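Structure data (compact mmCIF, C-alpha atoms) from input31.txt:
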```txt
# COMPACT_ATOMS: atom_id res chain seq x y z
CA MET A 1 0.00 0.00 0.00
CA TRP A 2 0.97 3.63 -0.53
CA VAL A 3 0.41 5.30 2.85
CA VAL A 4 -0.11 9.02 3.46
CA LEU A 5 -0.03 10.62 6.92
CA LEU A 6 -2.45 13.53 7.32
CA GLU A 7 -3.08 15.86 10.25
CA ASP A 8 -5.93 13.74 11.57
CA GLY A 9 -5.55 10.34 9.96
CA ILE A 10 -3.75 7.87 7.73
CA GLU A 11 -4.90 7.23 4.18
CA PHE A 12 -3.78 4.19 2.23
CA TYR A 13 -3.88 3.66 -1.51
CA LYS A 14 -3.43 0.57 -3.66
CA ARG A 15 -0.99 2.52 -5.88
CA LYS A 16 0.79 5.84 -5.48
CA SER A 17 -0.90 7.12 -8.66
CA ASP A 18 -4.46 6.43 -7.41
CA ASN A 19 -6.69 9.45 -6.78
CA SER A 20 -8.98 7.83 -4.21
CA PRO A 21 -7.76 6.05 -1.06
CA LYS A 22 -8.82 2.48 -0.26
CA GLY A 23 -9.39 3.49 3.33
CA MET A 24 -8.64 5.94 6.11
CA ILE A 25 -7.72 5.43 9.78
CA PRO A 26 -8.61 8.34 12.09
CA LEU A 27 -5.83 9.16 14.55
CA LYS A 28 -7.84 10.89 17.28
CA GLY A 29 -7.89 8.59 20.31
CA SER A 30 -5.54 6.11 18.63
CA THR A 31 -2.50 4.47 20.20
CA ILE A 32 0.65 3.13 18.54
CA ASN A 33 2.79 0.19 19.59
CA SER A 34 6.34 -0.34 18.32
CA PRO A 35 8.14 -2.66 18.00
CA CYS A 36 5.23 -5.06 17.51
CA GLN A 37 6.09 -8.73 18.08
CA ASP A 38 2.70 -10.20 17.09
CA PHE A 39 4.01 -11.82 13.91
CA GLY A 40 7.00 -13.83 15.07
CA LYS A 41 9.76 -13.41 12.50
CA ARG A 42 8.12 -10.53 10.60
CA MET A 43 10.37 -7.53 11.19
CA PHE A 44 9.89 -3.74 11.44
CA VAL A 45 6.17 -3.98 12.27
CA PHE A 46 4.20 -1.39 14.23
CA LYS A 47 0.58 -1.56 15.37
CA LEU A 48 -1.91 1.30 15.28
CA THR A 49 -5.00 0.79 17.43
CA ALA A 50 -7.87 3.12 16.53
CA ALA A 51 -10.26 4.64 19.06
CA LYS A 52 -12.80 1.87 18.30
CA GLN A 53 -10.15 -0.73 19.28
CA GLN A 54 -9.49 -1.80 15.69
CA ASP A 55 -5.89 -2.97 15.19
CA HIS A 56 -4.00 -2.01 12.03
CA PHE A 57 -0.55 -3.48 11.35
CA PHE A 58 2.10 -1.89 9.14
CA GLN A 59 5.48 -3.27 8.11
CA ALA A 60 8.29 -0.98 6.98
CA SER A 61 11.20 -1.94 4.76
CA TYR A 62 13.86 -1.27 7.36
CA LEU A 63 14.27 -0.18 10.98
CA GLU A 64 14.92 3.50 10.34
CA GLU A 65 11.86 3.83 8.12
CA ARG A 66 9.62 2.22 10.74
CA ASP A 67 10.95 4.47 13.51
CA ALA A 68 10.41 7.58 11.35
CA TRP A 69 6.76 6.64 10.73
CA VAL A 70 6.20 5.89 14.41
CA ARG A 71 7.72 9.21 15.48
CA ASP A 72 5.56 11.22 13.07
CA ILE A 73 2.35 9.33 13.88
CA LYS A 74 2.98 9.81 17.61
CA LYS A 75 3.46 13.55 17.07
CA ALA A 76 0.26 13.74 15.00
CA ILE A 77 -1.71 11.99 17.76
CA GLN A 78 -0.20 14.26 20.43
CA CYS A 79 -1.12 17.35 18.40
CA LEU A 80 -4.70 16.13 18.00
CA ASP A 81 -5.01 15.46 21.72
CA GLY A 82 -3.55 18.90 22.55
CA GLY A 83 -5.59 20.81 19.98
CA GLN A 84 -2.48 21.81 18.02
CA ARG A 85 -1.71 21.79 14.32
CA PHE A 86 0.60 19.01 13.20
CA ALA A 87 3.36 20.20 10.87
CA ARG A 88 5.21 17.24 9.42
CA LYS A 89 8.66 17.85 7.96
CA SER A 90 8.80 14.61 5.96
CA THR A 91 8.01 11.06 7.02
CA ARG A 92 9.91 9.58 4.10
CA LYS A 93 13.05 11.68 4.50
CA SER A 94 15.54 9.24 5.96
CA ILE A 95 19.16 9.35 6.99
CA ARG A 96 21.29 8.75 3.92
CA LEU A 97 24.92 8.02 4.61
CA PRO A 98 27.72 7.99 2.04
CA GLU A 99 28.32 4.54 0.55
CA THR A 100 31.88 4.63 1.89
CA ILE A 101 30.62 4.44 5.49
CA ASN A 102 30.41 0.89 6.82
CA LEU A 103 28.48 0.97 10.10
CA SER A 104 29.64 -2.51 11.13
CA ALA A 105 33.31 -1.63 10.64
CA LEU A 106 32.79 1.71 12.39
CA TYR A 107 31.20 -0.09 15.34
CA LEU A 108 34.23 -2.37 15.69
CA SER A 109 36.52 0.67 15.67
CA MET A 110 34.41 2.34 18.33
CA LYS A 111 34.80 -0.75 20.54
CA ASP A 112 38.58 -1.00 20.10
CA PRO A 113 40.09 -1.28 23.62
CA GLU A 114 42.95 1.07 22.79
CA LYS A 115 41.60 3.59 20.29
CA GLY A 116 37.84 3.28 20.72
CA ILE A 117 35.31 5.00 22.97
CA LYS A 118 36.10 4.51 26.63
CA GLU A 119 33.39 2.79 28.67
CA LEU A 120 32.95 4.52 32.02
CA LYS A 121 31.05 4.41 35.28
CA LEU A 122 28.78 7.48 35.28
CA GLU A 123 26.40 8.81 37.93
CA LYS A 124 23.10 10.59 37.40
CA ASP A 125 19.91 10.99 39.45
CA LYS A 126 21.27 8.80 42.28
CA LYS A 127 21.99 5.99 39.81
CA VAL A 128 25.32 4.55 38.72
CA PHE A 129 25.58 3.53 35.05
CA ASN A 130 28.34 1.01 34.40
CA HIS A 131 30.08 0.37 31.05
CA CYS A 132 28.53 3.36 29.27
CA PHE A 133 29.52 6.69 27.72
CA THR A 134 28.00 10.07 26.89
CA GLY A 135 26.53 11.29 23.62
CA THR A 136 29.15 14.03 23.55
CA SER A 137 31.98 11.50 23.79
CA VAL A 138 30.55 9.61 20.78
CA ILE A 139 30.53 12.75 18.61
CA ASP A 140 33.99 13.74 19.92
CA TRP A 141 35.32 10.32 18.90
CA LEU A 142 33.75 10.51 15.44
CA VAL A 143 35.37 13.93 14.93
CA SER A 144 38.80 12.83 16.17
CA SER A 145 38.75 9.69 14.01
CA ASN A 146 37.95 11.78 10.90
CA SER A 147 34.72 9.81 10.36
CA ILE A 148 32.77 13.08 10.01
CA ARG A 149 33.39 16.68 8.98
CA ASN A 150 31.40 18.41 11.72
CA ARG A 151 29.21 17.71 14.74
CA LYS A 152 25.97 18.08 12.77
CA GLU A 153 27.10 15.29 10.45
CA GLY A 154 28.14 13.35 13.55
CA LEU A 155 24.57 13.54 14.87
CA MET A 156 23.32 12.02 11.61
CA LEU A 157 25.85 9.19 11.77
CA ALA A 158 25.28 8.51 15.49
CA SER A 159 21.51 8.48 14.91
CA SER A 160 22.00 5.84 12.24
CA LEU A 161 24.17 3.74 14.60
CA LEU A 162 21.39 4.03 17.19
CA SER A 163 18.66 3.08 14.71
CA GLU A 164 20.63 0.03 13.54
CA GLY A 165 21.16 -1.19 17.11
CA TYR A 166 24.91 -0.56 17.34
CA LEU A 167 24.25 1.87 20.20
CA GLN A 168 21.61 1.63 22.94
CA PRO A 169 20.18 4.46 25.08
CA ALA A 170 20.81 4.27 28.83
CA GLY A 171 18.60 6.37 31.07
CA ASP A 172 15.54 8.53 30.62
CA THR A 173 17.13 11.42 28.67
CA SER A 174 18.61 9.40 25.82
CA LYS A 175 15.70 6.97 25.70
CA ALA A 176 13.15 9.78 25.38
CA ALA A 177 15.09 11.17 22.41
CA ALA A 178 15.30 7.73 20.79
CA GLU A 179 11.52 7.44 21.08
CA GLY A 180 11.02 10.66 19.14
CA LEU A 181 10.56 13.19 21.95
CA SER A 182 13.49 15.31 20.75
CA ASP A 183 14.54 16.95 17.49
CA THR A 184 17.11 14.18 16.91
CA PRO A 185 17.06 10.54 18.06
CA PHE A 186 20.67 10.85 19.26
CA LEU A 187 21.79 13.61 21.66
CA ASP A 188 25.16 15.34 21.63
CA LEU A 189 24.94 15.95 25.39
CA SER A 190 27.11 15.11 28.38
CA ASP A 191 24.10 13.88 30.39
CA ALA A 192 22.73 11.60 27.64
CA TYR A 193 24.15 8.12 28.19
CA TYR A 194 24.60 5.24 25.73
CA TYR A 195 26.15 1.77 25.71
CA PHE A 196 27.19 -1.00 23.34
CA PRO A 197 24.54 -3.78 23.10
CA ASP A 198 27.00 -6.61 23.85
CA SER A 199 28.83 -4.85 26.69
CA GLY A 200 28.46 -5.63 30.39
CA PHE A 201 26.25 -2.59 30.93
CA PHE A 202 24.14 -2.41 34.07
CA CYS A 203 22.71 0.26 36.32
CA GLU A 204 22.81 0.32 40.11
CA GLY A 205 19.80 1.89 41.75
CA ASN A 206 16.10 2.12 41.09
CA SER A 207 15.40 3.05 37.47
CA SER A 208 12.31 3.48 35.33
CA ASP A 209 14.32 2.59 32.23
CA ASP A 210 13.06 -0.77 30.96
CA ASP A 211 16.30 -1.44 29.09
CA VAL A 212 18.58 -0.97 32.10
CA VAL A 213 20.16 -4.11 33.51
CA LEU A 214 19.78 -3.81 37.27
CA LYS A 215 22.52 -5.15 39.50
CA GLU A 216 19.95 -7.24 41.40
CA GLU A 217 19.21 -9.23 38.26
CA PHE A 218 22.49 -11.08 38.61
CA ARG A 219 20.99 -12.71 41.70
CA GLY A 220 17.80 -13.70 39.87
CA ILE A 221 16.54 -17.25 39.49
CA ILE A 222 18.73 -19.27 37.13
CA VAL A 223 16.53 -21.19 34.69
CA LYS A 224 19.22 -22.75 32.50
CA GLN A 225 22.96 -22.47 31.92
CA GLY A 226 25.54 -24.01 29.65
CA CYS A 227 28.06 -23.34 26.90
CA LEU A 228 27.08 -22.26 23.39
CA LEU A 229 28.87 -20.87 20.37
CA LYS A 230 28.10 -17.17 19.84
CA GLN A 231 28.69 -15.28 16.63
CA GLY A 232 30.53 -12.00 17.09
CA HIS A 233 30.17 -8.89 14.96
CA ARG A 234 32.84 -10.20 12.61
CA ARG A 235 31.13 -12.67 10.30
CA LYS A 236 33.21 -15.77 11.14
CA ASN A 237 34.21 -14.78 14.64
CA TRP A 238 32.45 -17.53 16.64
CA LYS A 239 33.48 -18.04 20.26
CA VAL A 240 32.45 -20.41 23.03
CA ARG A 241 30.64 -18.56 25.81
CA LYS A 242 29.02 -19.71 29.03
CA PHE A 243 25.38 -18.59 29.02
CA VAL A 244 23.22 -18.11 32.11
CA LEU A 245 19.47 -17.68 31.62
CA ARG A 246 17.71 -15.83 34.43
CA GLU A 247 14.10 -14.82 34.90
CA ASP A 248 12.51 -11.86 36.67
CA PRO A 249 13.95 -9.87 34.98
CA ALA A 250 14.44 -11.79 31.75
CA TYR A 251 18.11 -11.70 30.71
CA LEU A 252 20.59 -14.02 29.08
CA HIS A 253 24.11 -13.22 30.31
CA TYR A 254 27.22 -14.62 28.69
CA TYR A 255 30.63 -15.10 30.28
CA ASP A 256 34.14 -16.15 29.41
CA PRO A 257 34.08 -19.94 30.05
CA ALA A 258 37.66 -19.71 31.36
CA GLY A 259 36.41 -17.78 34.37
CA GLY A 260 35.48 -14.33 35.58
CA GLU A 261 32.56 -13.14 37.68
CA ASP A 262 31.53 -10.22 35.47
CA PRO A 263 29.52 -11.00 32.32
CA LEU A 264 30.88 -10.07 28.91
CA GLY A 265 27.42 -8.97 27.89
CA ALA A 266 23.69 -9.36 28.39
CA ILE A 267 20.71 -9.96 26.09
CA HIS A 268 17.40 -8.47 27.25
CA LEU A 269 14.77 -11.11 26.49
CA ARG A 270 11.50 -9.36 27.25
CA GLY A 271 9.54 -9.14 24.01
CA CYS A 272 12.19 -11.02 22.04
CA VAL A 273 11.66 -13.53 19.23
CA VAL A 274 13.68 -16.76 19.32
CA SER A 275 13.62 -19.45 16.63
CA ALA A 276 15.67 -22.19 15.02
CA VAL A 277 17.75 -21.16 12.00
CA GLU A 278 18.11 -23.57 9.11
CA ASP A 279 19.50 -21.13 6.53
CA MET A 280 21.75 -18.28 7.59
CA PRO A 281 21.34 -14.91 5.80
CA GLU A 282 24.06 -14.34 3.20
CA SER A 283 25.49 -11.46 5.23
CA LYS A 284 25.96 -13.81 8.19
CA LYS A 285 27.23 -16.91 6.37
CA SER A 286 29.99 -18.83 8.11
CA ASP A 287 31.41 -22.32 8.49
CA VAL A 288 29.15 -22.87 11.51
CA GLU A 289 25.74 -23.88 10.19
CA ASN A 290 24.26 -26.72 12.29
CA ASN A 291 21.92 -26.49 15.32
CA LEU A 292 21.74 -22.71 15.06
CA PHE A 293 19.12 -20.48 16.61
CA GLU A 294 18.52 -16.75 16.55
CA ILE A 295 17.38 -14.26 19.17
CA ILE A 296 15.87 -10.99 17.94
CA THR A 297 15.44 -8.53 20.81
CA ALA A 298 12.61 -6.01 21.14
CA SER A 299 15.06 -3.36 19.91
CA GLU A 300 15.76 -5.69 16.93
CA VAL A 301 19.35 -6.61 17.66
CA HIS A 302 20.11 -10.07 16.21
CA TYR A 303 22.14 -12.74 18.02
CA TYR A 304 23.12 -16.06 16.40
CA LEU A 305 23.96 -18.99 18.68
CA GLN A 306 24.83 -22.64 18.14
CA ALA A 307 23.97 -25.55 20.42
CA ALA A 308 25.84 -28.87 20.57
CA SER A 309 22.84 -30.87 19.34
CA SER A 310 19.37 -30.45 17.93
CA ALA A 311 17.82 -31.53 21.25
CA GLU A 312 19.86 -28.98 23.19
CA ARG A 313 18.88 -26.26 20.73
CA THR A 314 15.20 -27.09 21.30
CA GLU A 315 15.70 -26.94 25.08
CA TRP A 316 17.32 -23.50 24.88
CA ILE A 317 14.62 -22.15 22.57
CA LYS A 318 11.79 -23.36 24.83
CA ALA A 319 13.49 -22.02 27.96
CA ILE A 320 14.15 -18.59 26.41
CA GLN A 321 10.59 -18.37 25.05
CA ALA A 322 9.17 -19.14 28.51
CA VAL A 323 11.36 -16.55 30.21
CA ALA A 324 10.62 -13.91 27.51
CA ARG A 325 6.88 -14.35 28.07
CA SER A 326 6.91 -14.35 31.86
CA GLY A 327 9.90 -12.12 32.68
CA LYS A 328 10.01 -8.37 32.92
```
Here is a file; write its structure as structure tokens.
Amino acid sequence: MWVVLLEDGIEFYKRKSDNSPKGMIPLKGSTINSPCQDFGKRMFVFKLTAAKQQDHFFQASYLEERDAWVRDIKKAIQCLDGGQRFARKSTRKSIRLPETINLSALYLSMKDPEKGIKELKLEKDKKVFNHCFTGTSVIDWLVSSNSIRNRKEGLMLASSLLSEGYLQPAGDTSKAAAEGLSDTPFLDLSDAYYYFPDSGFFCEGNSSDDDVVLKEEFRGIIVKQGCLLKQGHRRKNWKVRKFVLREDPAYLHYYDPAGGEDPLGAIHLRGCVVSAVEDMPESKKSDVENNLFEIITASEVHYYLQAASSAERTEWIKAIQAVARSGK
């Protein structure tokens, strides 16, 4: 469908050239839910529930496009509720990066222990954020590494890294911006915190941030544990990791099997999709292809894991699905 966002509704057409819409969804009193996990493996879906409790599902072509639609629709609904006029800049205007920029390679450079962005312990609002960094430090690093020409261009690049899941917001300020409550999804601010998705990030203290890994979670109920192969961000970089599945809250931590009390990273399982993988995407092809399964988080970060046998893979999938449904 060709979809058009108006001040008070959404029209959809069979073809862009059609003069008359096939239908119209009024936005007044509507709510929007994104990401929507109602369709299992179907990606980049959001749900619009009209005032009469009718559900309408839309699927975008890619993450950034979905988030742009969700931001604009949310703003239109807020304007209707507040009696204001909604002025849309452009729903379809997306971040276009030069073809020479490889986000995956840039991410690896950002994580370099020597020359990358330094992960710190930061304090804000009586909370301690571990293994994170500020928005300002990200833009500073992009400037110093000659990845960008100016800070405005850095905001565009950092926003793309955020949209693609290479960066995650930590805390209320950065999360509000990522949800469309600011002019840009990424903030070049010293009090806006971010972290790498496969770092050991956690927050000490009471937090309203759903994505924060609380320190208490490490003492949660262990549902299952064992060693699995995990694919790194380099295509063929598979490593053995010890995984510990905990519920309430729902997290899958992974550790160096040689020892160490601190996790190498954590996967937030609430709202995730987990399934067996028979055919790897071409971009993820490797020599490891048997007994694979994939976890897609609510923020749509993909993790590929390999079990020792088909039976063990089934056990892990069932255990993760149960924890994702019941955990917070």
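Every polymer residue reaching to within 9 Å of (34.6, 0.7, 37.7), counting only C-alpha atoms, appears in this list: Leu120, Lys121, Asn130 and His131 of chain A.
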* Nearest residue to Thr49 in chain A from the set A:Leu63, A:Pro35, A:Asp140, A:Pro26 (distances using all atoms listed in the file) -> A:Pro26
* How far is it from CA of Tyr194 in chain A to CA of His253 in chain A, in Å with one decimal? -> 19.0 Å
* To do: Would you please work out which residue, of A:Glu315, A:Asp191, A:Asp183, A:Glu261, is nearest to Leu245 in chain A when using only C-alpha atoms?
  =>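 Ranking A:Glu315, A:Asp191, A:Asp183, A:Glu261 by distance to Leu245 in chain A, first place goes to A:Glu315.
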* Asked: What lies within 12 Å of range 82-84 of chain A using all atoms listed in the file, ignoring chain neighbours under 5 positions off, as a list in words?
  -> Glu7, Asp8, Lys28, Gly29, Lys75, Ala76 and Ile77 of chain A
* Straight-line distance linking CA of Gly165 in chain A with CA of Tyr255 in chain A, stated in Å to one decimal -> 21.4 Å
* **Long-range neighbours of Asp112 in chain A as a VMD selection string, 12 Å cut-off, only C-alpha atoms, 6 positions minimum in chain** => chain A and resid 105 to 106 118 to 119 141 196
* Which one is closest to Pro249 in chain A: A:Arg71, A:Lys318, A:Arg325, A:Arg66? Count all atoms listed in the file. -> A:Arg325
* Structure fact -> Using all atoms listed in the file, the residue out of A:Val244, A:Leu305, A:Ala298, A:Cys79 with shortest distance to Lys230 in chain A is A:Leu305
* To do: Provide the CA of Leu264 in chain A to CA of Gly200 in chain A distance in Å, to one decimal place.
  =>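 Separation of CA of Leu264 in chain A and CA of Gly200 in chain A: 5.3 Å.
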* **Selected residue of minimal separation from Phe44 in chain A among A:Ser61, A:Ser147, A:Ser174, A:Asn19, counting only C-alpha atoms** => A:Ser61
